[in-house]
>>> print(open('structure35.cif').read())   # mmCIF, C-alpha atoms
data_model
loop_
_atom_site.label_atom_id
_atom_site.label_comp_id
_atom_site.auth_asym_id
_atom_site.auth_seq_id
_atom_site.Cartn_x
_atom_site.Cartn_y
_atom_site.Cartn_z
CA MET W 26 59.46 6.93 -29.35
CA VAL W 27 57.81 3.61 -28.63
CA LYS W 28 58.42 4.00 -24.91
CA ASP W 29 56.40 7.21 -24.86
CA TRP W 30 53.47 5.81 -26.78
CA GLN W 31 50.09 5.85 -25.10
CA TYR W 32 48.38 2.87 -26.62
CA SER W 33 44.82 3.46 -25.57
CA LYS W 34 44.69 6.99 -26.86
CA ARG W 35 43.73 7.54 -30.46
CA ASN W 36 45.49 10.28 -32.36
CA GLN W 37 43.70 12.79 -34.54
CA LYS W 38 46.33 12.27 -37.19
CA CYS W 39 47.43 9.27 -39.19
CA ASP W 40 50.52 7.87 -37.51
CA ASP W 41 52.27 7.09 -40.76
CA CYS W 42 51.56 10.16 -42.94
CA ASP W 43 50.30 12.83 -40.48
CA TYR W 44 47.04 13.24 -42.42
CA SER W 45 44.43 14.86 -40.13
CA PHE W 46 41.29 12.78 -39.71
CA THR W 47 37.97 14.51 -40.27
CA ASP W 48 34.86 13.99 -38.16
CA GLY W 49 33.04 10.78 -39.16
CA GLU W 50 35.94 9.42 -41.23
CA ASP W 51 36.98 5.77 -41.05
CA VAL W 52 40.13 5.20 -39.01
CA PHE W 53 42.04 1.92 -38.95
CA SER W 54 43.49 1.18 -35.53
CA LEU W 55 45.96 -1.59 -35.14
CA LEU W 56 48.46 -3.19 -32.85
CA ARG W 57 51.67 -4.16 -34.58
CA MET W 58 55.03 -5.52 -33.61
CA ILE W 59 58.04 -3.75 -35.04
CA ASP W 60 61.50 -4.91 -33.98
CA GLY W 61 59.97 -6.73 -31.02
CA ASP W 62 58.08 -3.67 -29.76
CA LEU W 63 54.32 -3.63 -29.50
CA GLN W 64 52.88 -0.45 -31.00
CA ARG W 65 49.43 0.95 -31.49
CA ALA W 66 48.84 2.91 -34.67
CA ASP W 67 45.87 4.78 -36.12
CA LEU W 68 46.04 4.93 -39.88
CA CYS W 69 44.16 6.52 -42.74
CA ARG W 70 42.80 4.16 -45.40
CA ALA W 71 45.70 4.75 -47.80
CA CYS W 72 48.36 3.98 -45.19
CA PHE W 73 46.37 1.02 -43.89
CA ASP W 74 46.15 -0.49 -47.38
CA SER W 75 49.87 -0.06 -47.99
CA ARG W 76 51.08 -1.21 -44.55
CA ASP W 77 53.34 -4.20 -43.92
CA GLU W 78 50.72 -6.79 -42.96
CA ALA W 79 53.36 -9.11 -41.51
CA ALA W 80 53.74 -6.72 -38.57
CA ASP W 81 50.02 -6.79 -37.69
CA VAL W 82 48.91 -8.33 -34.43
CA VAL W 83 45.31 -7.24 -34.63
CA TYR W 84 43.41 -4.39 -36.24
CA TRP W 85 39.93 -2.91 -36.13
CA ARG W 86 38.05 -0.21 -37.95
CA THR W 87 36.58 2.70 -36.11
CA THR W 88 35.21 6.15 -36.85
CA GLN W 89 36.74 9.46 -35.97
CA HIS W 90 34.50 11.49 -33.64
CA GLU W 91 35.94 14.65 -32.21
CA SER W 92 33.67 14.58 -29.17
CA ARG W 93 33.94 10.88 -28.35
CA GLN W 94 36.51 9.34 -26.04
CA SER W 95 39.08 7.02 -27.52
CA LEU W 96 38.50 3.31 -27.77
CA ARG W 97 39.73 1.52 -24.69
CA LEU W 98 41.34 -1.88 -25.01
CA ASP W 99 39.22 -3.78 -22.52
CA PHE W 100 39.67 -7.35 -21.38
CA ASP W 101 37.37 -8.79 -24.05
CA MET W 102 39.55 -7.20 -26.64
CA LEU W 103 42.66 -8.53 -24.94
CA LEU W 104 41.13 -12.02 -25.01
CA ALA W 105 40.48 -11.62 -28.71
CA LEU W 106 44.04 -10.40 -29.11
CA LEU W 107 45.33 -13.48 -27.28
CA GLU W 108 43.30 -15.75 -29.54
CA LYS W 109 44.79 -14.07 -32.58
CA LEU W 110 48.34 -14.23 -31.20
CA LEU W 111 48.07 -17.94 -30.49
CA ASP W 112 47.68 -18.62 -34.21
CA ASP W 113 51.02 -16.98 -34.91
CA PRO W 114 54.14 -19.14 -34.55
CA ARG W 115 56.64 -16.26 -34.40
CA ASP W 116 58.69 -16.04 -31.19
CA ASP W 117 57.87 -12.41 -30.41
CA ARG W 118 54.13 -13.22 -30.69
CA LYS W 119 54.60 -16.18 -28.37
CA ASP W 120 56.38 -13.98 -25.82
CA LEU W 121 53.56 -11.49 -25.98
CA SER W 122 50.83 -14.13 -25.72
CA TYR W 123 52.53 -15.59 -22.62
CA LEU W 124 52.63 -12.24 -20.83
CA LEU W 125 49.16 -11.34 -22.02
CA SER W 126 47.77 -14.60 -20.63
CA LEU W 127 49.51 -13.94 -17.28
CA LEU W 128 47.90 -10.50 -17.27
CA LEU W 129 44.49 -12.05 -17.87
CA VAL W 130 45.11 -14.64 -15.13
CA ARG W 131 46.10 -11.87 -12.78
CA HIS W 132 42.87 -10.03 -13.51
CA ARG W 133 40.91 -13.30 -13.18
CA LYS W 134 39.66 -13.21 -16.75
CA LEU W 135 41.38 -16.52 -17.37
CA ARG W 136 41.60 -19.40 -14.94
CA LEU W 137 44.86 -21.37 -14.96
CA GLU W 138 43.69 -24.97 -14.85
CA ARG W 139 46.98 -26.85 -15.15
CA VAL W 140 50.41 -26.86 -16.69
CA GLN W 141 51.39 -29.58 -19.15
CA VAL W 142 54.96 -30.49 -19.92
CA LYS W 143 55.90 -31.38 -23.48
CA GLY W 144 59.60 -32.15 -23.69
CA GLN W 145 61.32 -29.04 -22.35
CA GLN W 146 58.21 -26.90 -22.86
CA GLU W 147 55.57 -25.98 -20.32
CA ILE W 148 52.11 -25.31 -21.72
CA MET W 149 49.57 -23.47 -19.59
CA LEU W 150 46.01 -24.68 -20.04
CA LEU W 151 43.67 -21.78 -19.35
CA ARG W 152 39.92 -21.40 -19.32
CA LYS W 153 37.98 -18.21 -19.83
CA THR W 154 36.15 -17.45 -16.60
CA ARG W 155 32.54 -18.68 -16.50
CA THR W 156 32.84 -20.32 -19.91
CA LYS W 157 34.19 -23.54 -21.38
CA LYS W 158 36.47 -21.74 -23.81
CA THR W 159 40.05 -22.87 -23.36
CA PHE W 160 43.47 -21.61 -24.40
CA ALA W 161 46.82 -23.39 -24.50
CA VAL W 162 49.68 -20.96 -24.03
CA GLU W 163 53.37 -21.76 -24.09
CA SER W 164 55.32 -20.65 -21.03
CA ARG W 165 58.23 -18.59 -22.35
CA GLU W 166 61.70 -17.98 -21.00
CA MET W 167 62.68 -14.37 -21.58
CA THR W 168 65.48 -12.10 -20.46
CA ASP W 169 64.49 -9.72 -17.68
CA GLU W 170 64.92 -6.78 -20.04
CA ARG W 171 62.69 -8.27 -22.72
CA ARG W 172 60.06 -9.19 -20.17
CA ALA W 173 60.15 -5.75 -18.57
CA GLU W 174 59.79 -4.02 -21.94
CA LEU W 175 56.85 -6.14 -23.10
CA SER W 176 55.25 -5.93 -19.69
CA LYS W 177 55.50 -2.14 -19.77
CA GLN W 178 53.90 -2.04 -23.20
CA LEU W 179 51.07 -4.30 -22.05
CA THR W 180 50.53 -2.19 -18.96
CA GLU W 181 50.19 0.91 -21.07
CA LEU W 182 47.79 -0.94 -23.30
CA VAL W 183 45.28 -1.50 -20.55
CA ASP W 184 46.01 1.36 -18.20
CA PRO W 185 42.84 3.48 -18.15
CA THR W 186 44.68 6.41 -16.60
CA ARG W 187 46.48 6.84 -19.90
CA GLU W 188 43.25 7.17 -21.76
CA SER W 189 42.19 10.69 -22.52
CA PRO W 190 39.60 12.34 -24.72
CA ILE W 191 40.68 12.91 -28.28
CA MET F 30 67.21 -31.63 39.76
CA THR F 31 63.87 -30.10 38.75
CA GLY F 32 65.76 -27.48 36.75
CA LYS F 33 67.67 -30.17 34.85
CA LEU F 34 64.43 -31.99 34.12
CA LEU F 35 62.86 -28.81 32.80
CA VAL F 36 65.84 -28.16 30.50
CA LEU F 37 65.63 -31.78 29.28
CA LEU F 38 61.91 -31.42 28.62
CA MET F 39 62.49 -28.16 26.73
CA LEU F 40 65.20 -29.77 24.60
CA CYS F 41 62.92 -32.72 23.86
CA SER F 42 60.05 -30.48 22.83
CA LEU F 43 62.41 -28.37 20.68
CA SER F 44 63.82 -31.39 18.87
CA TRP F 45 60.28 -32.72 18.33
CA SER F 46 59.10 -29.42 16.85
CA CYS F 47 62.12 -29.37 14.49
CA ALA F 48 61.50 -32.94 13.43
CA SER F 49 57.82 -32.30 12.73
CA GLU F 50 58.61 -29.26 10.58
CA LEU F 51 58.49 -29.69 6.85
CA PRO F 52 61.88 -30.23 5.24
CA ILE F 53 62.36 -26.87 3.59
CA ASP F 54 65.89 -25.99 4.58
CA ASP F 55 67.56 -28.19 2.04
CA PRO F 56 66.52 -27.06 -1.44
CA SER F 57 67.75 -30.34 -2.90
CA GLU F 58 65.13 -32.12 -0.82
CA GLY F 59 61.75 -32.33 -2.48
CA ARG F 60 61.04 -31.30 -6.03
CA TRP F 61 61.25 -27.56 -6.24
CA LYS F 62 60.30 -25.41 -9.19
CA GLN F 63 62.43 -22.30 -9.43
CA ILE F 64 62.55 -18.89 -11.05
CA ILE F 65 65.50 -16.51 -10.86
CA LEU F 66 64.90 -12.77 -10.68
CA LYS F 67 67.67 -10.31 -11.44
CA ASP F 68 65.60 -7.26 -10.60
CA ALA F 69 63.51 -8.59 -7.76
CA PRO F 70 61.07 -6.42 -5.80
CA PRO F 71 61.77 -5.83 -2.08
CA ARG F 72 61.52 -8.98 0.06
CA ARG F 73 58.29 -7.82 1.70
CA ASP F 74 56.62 -7.35 -1.70
CA LEU F 75 57.95 -10.71 -2.82
CA LEU F 76 56.45 -12.42 0.22
CA LEU F 77 53.13 -10.67 -0.42
CA ALA F 78 53.22 -11.81 -4.05
CA CYS F 79 53.82 -15.39 -2.87
CA GLU F 80 50.89 -15.14 -0.45
CA TYR F 81 48.67 -13.81 -3.21
CA ALA F 82 49.78 -16.55 -5.62
CA ILE F 83 48.92 -19.18 -3.01
CA SER F 84 45.50 -17.63 -2.56
CA GLN F 85 44.89 -17.37 -6.33
CA ALA F 86 45.88 -21.01 -6.76
CA GLY F 87 43.11 -21.92 -4.33
CA TYR F 88 45.04 -22.90 -1.20
CA PRO F 89 43.89 -21.80 2.24
CA LYS F 90 45.90 -19.08 3.90
CA GLY F 91 48.77 -20.42 5.97
CA SER F 92 51.77 -18.72 7.50
CA THR F 93 54.63 -16.49 6.43
CA ASP F 94 58.07 -16.35 7.99
CA ALA F 95 59.71 -13.17 6.77
CA LEU F 96 63.05 -14.00 8.40
CA ARG F 97 63.40 -17.37 6.73
CA GLY F 98 61.73 -16.13 3.54
CA THR F 99 59.09 -18.86 3.53
CA VAL F 100 55.40 -18.80 2.78
CA PHE F 101 53.25 -21.84 3.57
CA SER F 102 49.64 -22.42 2.71
CA ASP F 103 47.43 -24.37 5.06
CA TRP F 104 46.45 -27.87 3.94
CA GLU F 105 44.03 -28.02 1.05
CA VAL F 106 42.01 -31.14 1.91
CA ARG F 107 40.15 -33.11 -0.74
CA LEU F 108 38.45 -36.06 0.95
CA GLN F 109 37.11 -38.95 -1.11
CA PRO F 110 34.76 -41.79 -0.13
CA PHE F 111 37.31 -44.44 -1.08
CA ARG F 112 40.36 -45.44 0.92
CA ASN F 113 43.68 -44.01 -0.32
CA LYS F 114 41.87 -41.62 -2.66
CA GLY F 115 41.48 -38.64 -0.32
CA MET F 116 44.35 -36.18 -0.62
CA ARG F 117 45.66 -33.03 0.97
CA TYR F 118 48.13 -30.53 -0.41
CA LYS F 119 50.32 -27.80 1.03
CA ALA F 120 51.94 -25.11 -1.10
CA ILE F 121 55.32 -23.68 -0.15
CA PHE F 122 57.40 -20.80 -1.44
CA ARG F 123 60.96 -20.18 -0.40
CA ILE F 124 62.99 -17.09 -1.25
CA PHE F 125 66.77 -17.15 -1.54
CA GLU F 126 68.77 -13.98 -2.02
CA ASP F 127 72.23 -14.20 -3.55
CA GLU F 128 73.75 -10.83 -2.82
CA GLY F 129 77.01 -11.76 -4.55
CA LYS F 130 75.24 -12.31 -7.85
CA ASP F 131 72.63 -9.66 -7.13
CA GLU F 132 69.80 -12.05 -7.90
CA THR F 133 66.94 -13.67 -6.06
CA SER F 134 65.54 -17.11 -6.61
CA VAL F 135 62.06 -18.16 -5.63
CA ARG F 136 61.30 -21.86 -5.29
CA SER F 137 57.93 -23.48 -5.05
CA ARG F 138 56.79 -26.96 -4.18
CA VAL F 139 53.50 -28.62 -3.35
CA ILE F 140 53.57 -31.42 -0.81
CA ALA F 141 50.92 -34.12 -1.19
CA GLU F 142 49.61 -36.62 1.34
CA ARG F 143 47.08 -39.42 0.97
CA ASN F 144 44.37 -40.46 3.44
CA ILE F 145 44.97 -44.09 4.44
CA GLU F 146 42.12 -44.21 6.96
CA GLY F 147 39.92 -47.14 5.93
CA ASP F 148 36.55 -46.42 7.57
CA ASP F 149 35.79 -42.73 8.13
CA THR F 150 37.12 -41.65 4.78
CA LEU F 151 35.02 -38.47 4.69
CA ASP F 152 35.86 -37.31 8.21
CA SER F 153 38.90 -35.06 8.19
CA SER F 154 39.38 -35.42 11.94
CA ALA F 155 39.67 -39.18 11.57
CA ALA F 156 42.00 -39.02 8.59
CA GLU F 157 45.44 -40.60 8.70
CA TRP F 158 47.84 -38.97 6.33
CA GLU F 159 50.72 -40.58 4.54
CA ALA F 160 53.25 -38.63 2.47
CA VAL F 161 53.20 -39.44 -1.24
CA GLY F 162 55.85 -36.99 -2.44
CA ASP F 163 55.48 -33.71 -4.24
CA ASP F 164 52.93 -32.74 -6.84
CA MET F 165 55.05 -31.17 -9.57
CA GLY F 166 52.03 -30.29 -11.71
CA GLN F 167 50.55 -28.15 -8.97
CA SER F 168 53.95 -26.68 -8.22
CA ARG F 169 54.21 -25.49 -11.84
CA VAL F 170 50.73 -23.96 -11.64
CA LEU F 171 51.68 -22.21 -8.42
CA MET F 172 54.79 -20.76 -10.03
CA GLN F 173 52.79 -19.43 -12.97
CA PHE F 174 50.45 -17.68 -10.55
CA LEU F 175 53.51 -16.10 -8.94
CA SER F 176 54.83 -15.14 -12.38
CA SER F 177 51.55 -13.34 -13.06
CA GLN F 178 52.27 -11.27 -9.96
CA LEU F 179 55.94 -10.61 -10.65
CA PHE F 180 56.29 -10.34 -14.40
CA LEU F 181 53.57 -7.71 -14.81
CA ARG F 182 54.22 -5.22 -12.10
CA ASP F 183 51.86 -2.25 -11.82
CA SER F 184 49.36 -3.67 -14.30
#
>>> encode(input="structure35.cif", output="structure tokens")
Amino acid sequence: MVKDWQYSKRNQKCDDCDYSFTDGEDVFSLLRMIDGDLQRADLCRACFDSRDEAADVVYWRTTQHESRQSLRLDFDMLLALLEKLLDDPRDDRKDLSYLLSLLLVRHRKLRLERVQVKGQQEIMLLRKTRTKKTFAVESREMTDERRAELSKQLTELVDPTRESPI
Amino acid sequence: MTGKLLVLLMLCSLSWSCASELPIDDPSEGRWKQIILKDAPPRRDLLLACEYAISQAGYPKGSTDALRGTVFSDWEVRLQPFRNKGMRYKAIFRIFEDEGKDETSVRSRVIAERNIEGDDTLDSSAAEWEAVGDDMGQSRVLMQFLSSQLFLRDS
């Protein structure tokens, strides 16, 4: 199910209870990690309030508009997501923040300044392009399968071709 | 006689060109950083990714040898007014395919040299370069740039 998810598209129904959103209603969109998989979910207020907060990566509140296109996860949002992930010590968050930072380097939103070595760990020191804001991201060793899966999920997250009107 | 001389000259020039080449054949030589890929893209794509990583890391475009699986940058020269402070760097990628294990390894290194010319320290044509070993820090950076190309395909 996760593999078929289109992250940048917002559903018209709550992902947890199938409640249909009405025009102008508050919708809670979130990215969460469940069993190592990154998922996007759009929830009604009741499901949002009763969710397992430990699975949250980031969430935001938006409004259902039938005529408006879905919210796209742009690079500013991905930078905010990275910032949030870096505060989380869990291994799956660290894996995701490593790949996310590589994605942002690839798209020249972050500049890789240098790599520090601390014991066995490599830490990438990155700077947001045209600013002085810096990020320290741990370089992670992952299995090819794990890397491919997370990479696929990230790709879907930012792929504008997967975005479609609600 | 002339023919023998020509052959001798050719052999001399060949041995000189081999000697002046950077020591990339022996992976134990120099300080290589390595990643191993089990599901590597085709060699041509891998070479292109290496070229792009070199460019993203800020090195001038150099040369690619598809047969040997090597990608070199040109020298990145950073002259300084003081003797022994000017430096130049060359980035290298080397691809090794292990068909038995069905995996590919990519190694990177960055060679560093120091300008020992005492007078014209800011003139690159007057510079005299002396090898100072590899720059492992830059080699790690280079490998992360390559990872950003390889670990996130199609994004």
>>> interface_residues(input="structure35.cif", of="chain W", to="chain F", cutoff="6 Å", atoms="all atoms listed in the file", output="ChimeraX atom specification")
/W:127,131,139-140,176,180
>>> resolve_selection(input="structure35.cif", expression="the PyMOL selection byres ((chain F and resi 84) around 12)", output="list in words")
Arg131 of chain W; Leu77, Ala78, Cys79, Glu80, Tyr81, Ala82, Ile83, Gln85, Ala86, Gly87, Tyr88, Pro89, Lys90, Gly91, Ser92, Val100, Phe101, Ser102, Asp103, Glu105, Lys119, Ala120, Ile121, Leu171, Phe174, Leu175 and Gln178 of chain F
>>> residues_around(input="structure35.cif", residues="W:Asp74", least_positions_apart="4", cutoff="12 Å", atoms="all atoms listed in the file", output="compact mmCIF listing (two decimals) with C-alpha atoms, keeping the file's coordinate frame")
# COMPACT_ATOMS: atom_id res chain seq x y z
CA ASP W 41 52.27 7.09 -40.76
CA VAL W 52 40.13 5.20 -39.01
CA PHE W 53 42.04 1.92 -38.95
CA LEU W 68 46.04 4.93 -39.88
CA CYS W 69 44.16 6.52 -42.74
CA ARG W 70 42.80 4.16 -45.40
CA GLU W 78 50.72 -6.79 -42.96
>>> resolve_selection(input="structure35.cif", expression="the PyMOL selection byres ((chain W and resi 149-153) around 6)", output="mmCIF file with C-alpha atoms, keeping the file's coordinate frame")
data_model
loop_
_atom_site.group_PDB
_atom_site.id
_atom_site.type_symbol
_atom_site.label_atom_id
_atom_site.label_comp_id
_atom_site.auth_asym_id
_atom_site.auth_seq_id
_atom_site.Cartn_x
_atom_site.Cartn_y
_atom_site.Cartn_z
ATOM 1 C CA LEU W 135 41.380 -16.520 -17.370
ATOM 2 C CA ARG W 136 41.600 -19.400 -14.940
ATOM 3 C CA LEU W 137 44.860 -21.370 -14.960
ATOM 4 C CA GLU W 138 43.690 -24.970 -14.850
ATOM 5 C CA ARG W 139 46.980 -26.850 -15.150
ATOM 6 C CA VAL W 140 50.410 -26.860 -16.690
ATOM 7 C CA ILE W 148 52.110 -25.310 -21.720
ATOM 8 C CA THR W 154 36.150 -17.450 -16.600
ATOM 9 C CA THR W 156 32.840 -20.320 -19.910
ATOM 10 C CA LYS W 158 36.470 -21.740 -23.810
ATOM 11 C CA THR W 159 40.050 -22.870 -23.360
ATOM 12 C CA PHE W 160 43.470 -21.610 -24.400
ATOM 13 C CA ALA W 161 46.820 -23.390 -24.500
ATOM 14 C CA VAL W 162 49.680 -20.960 -24.030
#
>>> residues_near_point(input="structure35.cif", point="(65.2, -9.4, -11.9)", cutoff="12 Å", atoms="only C-alpha atoms", output="MDAnalysis selection string")
(chainID W and resid 167:173) or (chainID F and resid 64:71 75 126:127 130:135 176 179:180 182)
>>> atom_distance(input="structure35.cif", atom1="atom CA of W:Gln178", atom2="atom CA of W:Leu63")
6.5 Å
>>> residues_near_point(input="structure35.cif", point="(52.2, -6.2, -35.2)", cutoff="8 Å", atoms="all atoms listed in the file", output="NGL selection string")
:W and (55-59 or 63-64 or 78-83)
>>> atom_distance(input="structure35.cif", atom1="atom CA of F:Thr93", atom2="atom CA of F:Arg107")
23.2 Å
>>> atom_distance(input="structure35.cif", atom1="atom CA of W:Leu104", atom2="atom CA of W:Leu129")
7.9 Å
>>> resolve_selection(input="structure35.cif", expression="the PyMOL selection byres ((chain F and resi 150-156) around 12)", output="list in words")
Trp104, Glu105, Val106, Arg107, Leu108, Gln109, Pro110, Phe111, Arg112, Asn113, Lys114, Gly115, Met116, Arg117, Glu142, Arg143, Asn144, Ile145, Glu146, Gly147, Asp148, Asp149, Glu157, Trp158 and Glu159 of chain F
>>> closest_residue(input="structure35.cif", among="W:Asp101, W:Asp43, W:Asp120, W:Glu147", to="W:Glu174", atoms="all atoms listed in the file")
W:Asp120
>>> residues_around(input="structure35.cif", residues="W:Leu107", least_positions_apart="6", cutoff="9 Å", atoms="only C-alpha atoms", output="compact mmCIF listing (two decimals) with C-alpha atoms, in the coordinates of the input")
# COMPACT_ATOMS: atom_id res chain seq x y z
CA LEU W 121 53.56 -11.49 -25.98
CA SER W 122 50.83 -14.13 -25.72
CA TYR W 123 52.53 -15.59 -22.62
CA LEU W 125 49.16 -11.34 -22.02
CA SER W 126 47.77 -14.60 -20.63
CA PHE W 160 43.47 -21.61 -24.40
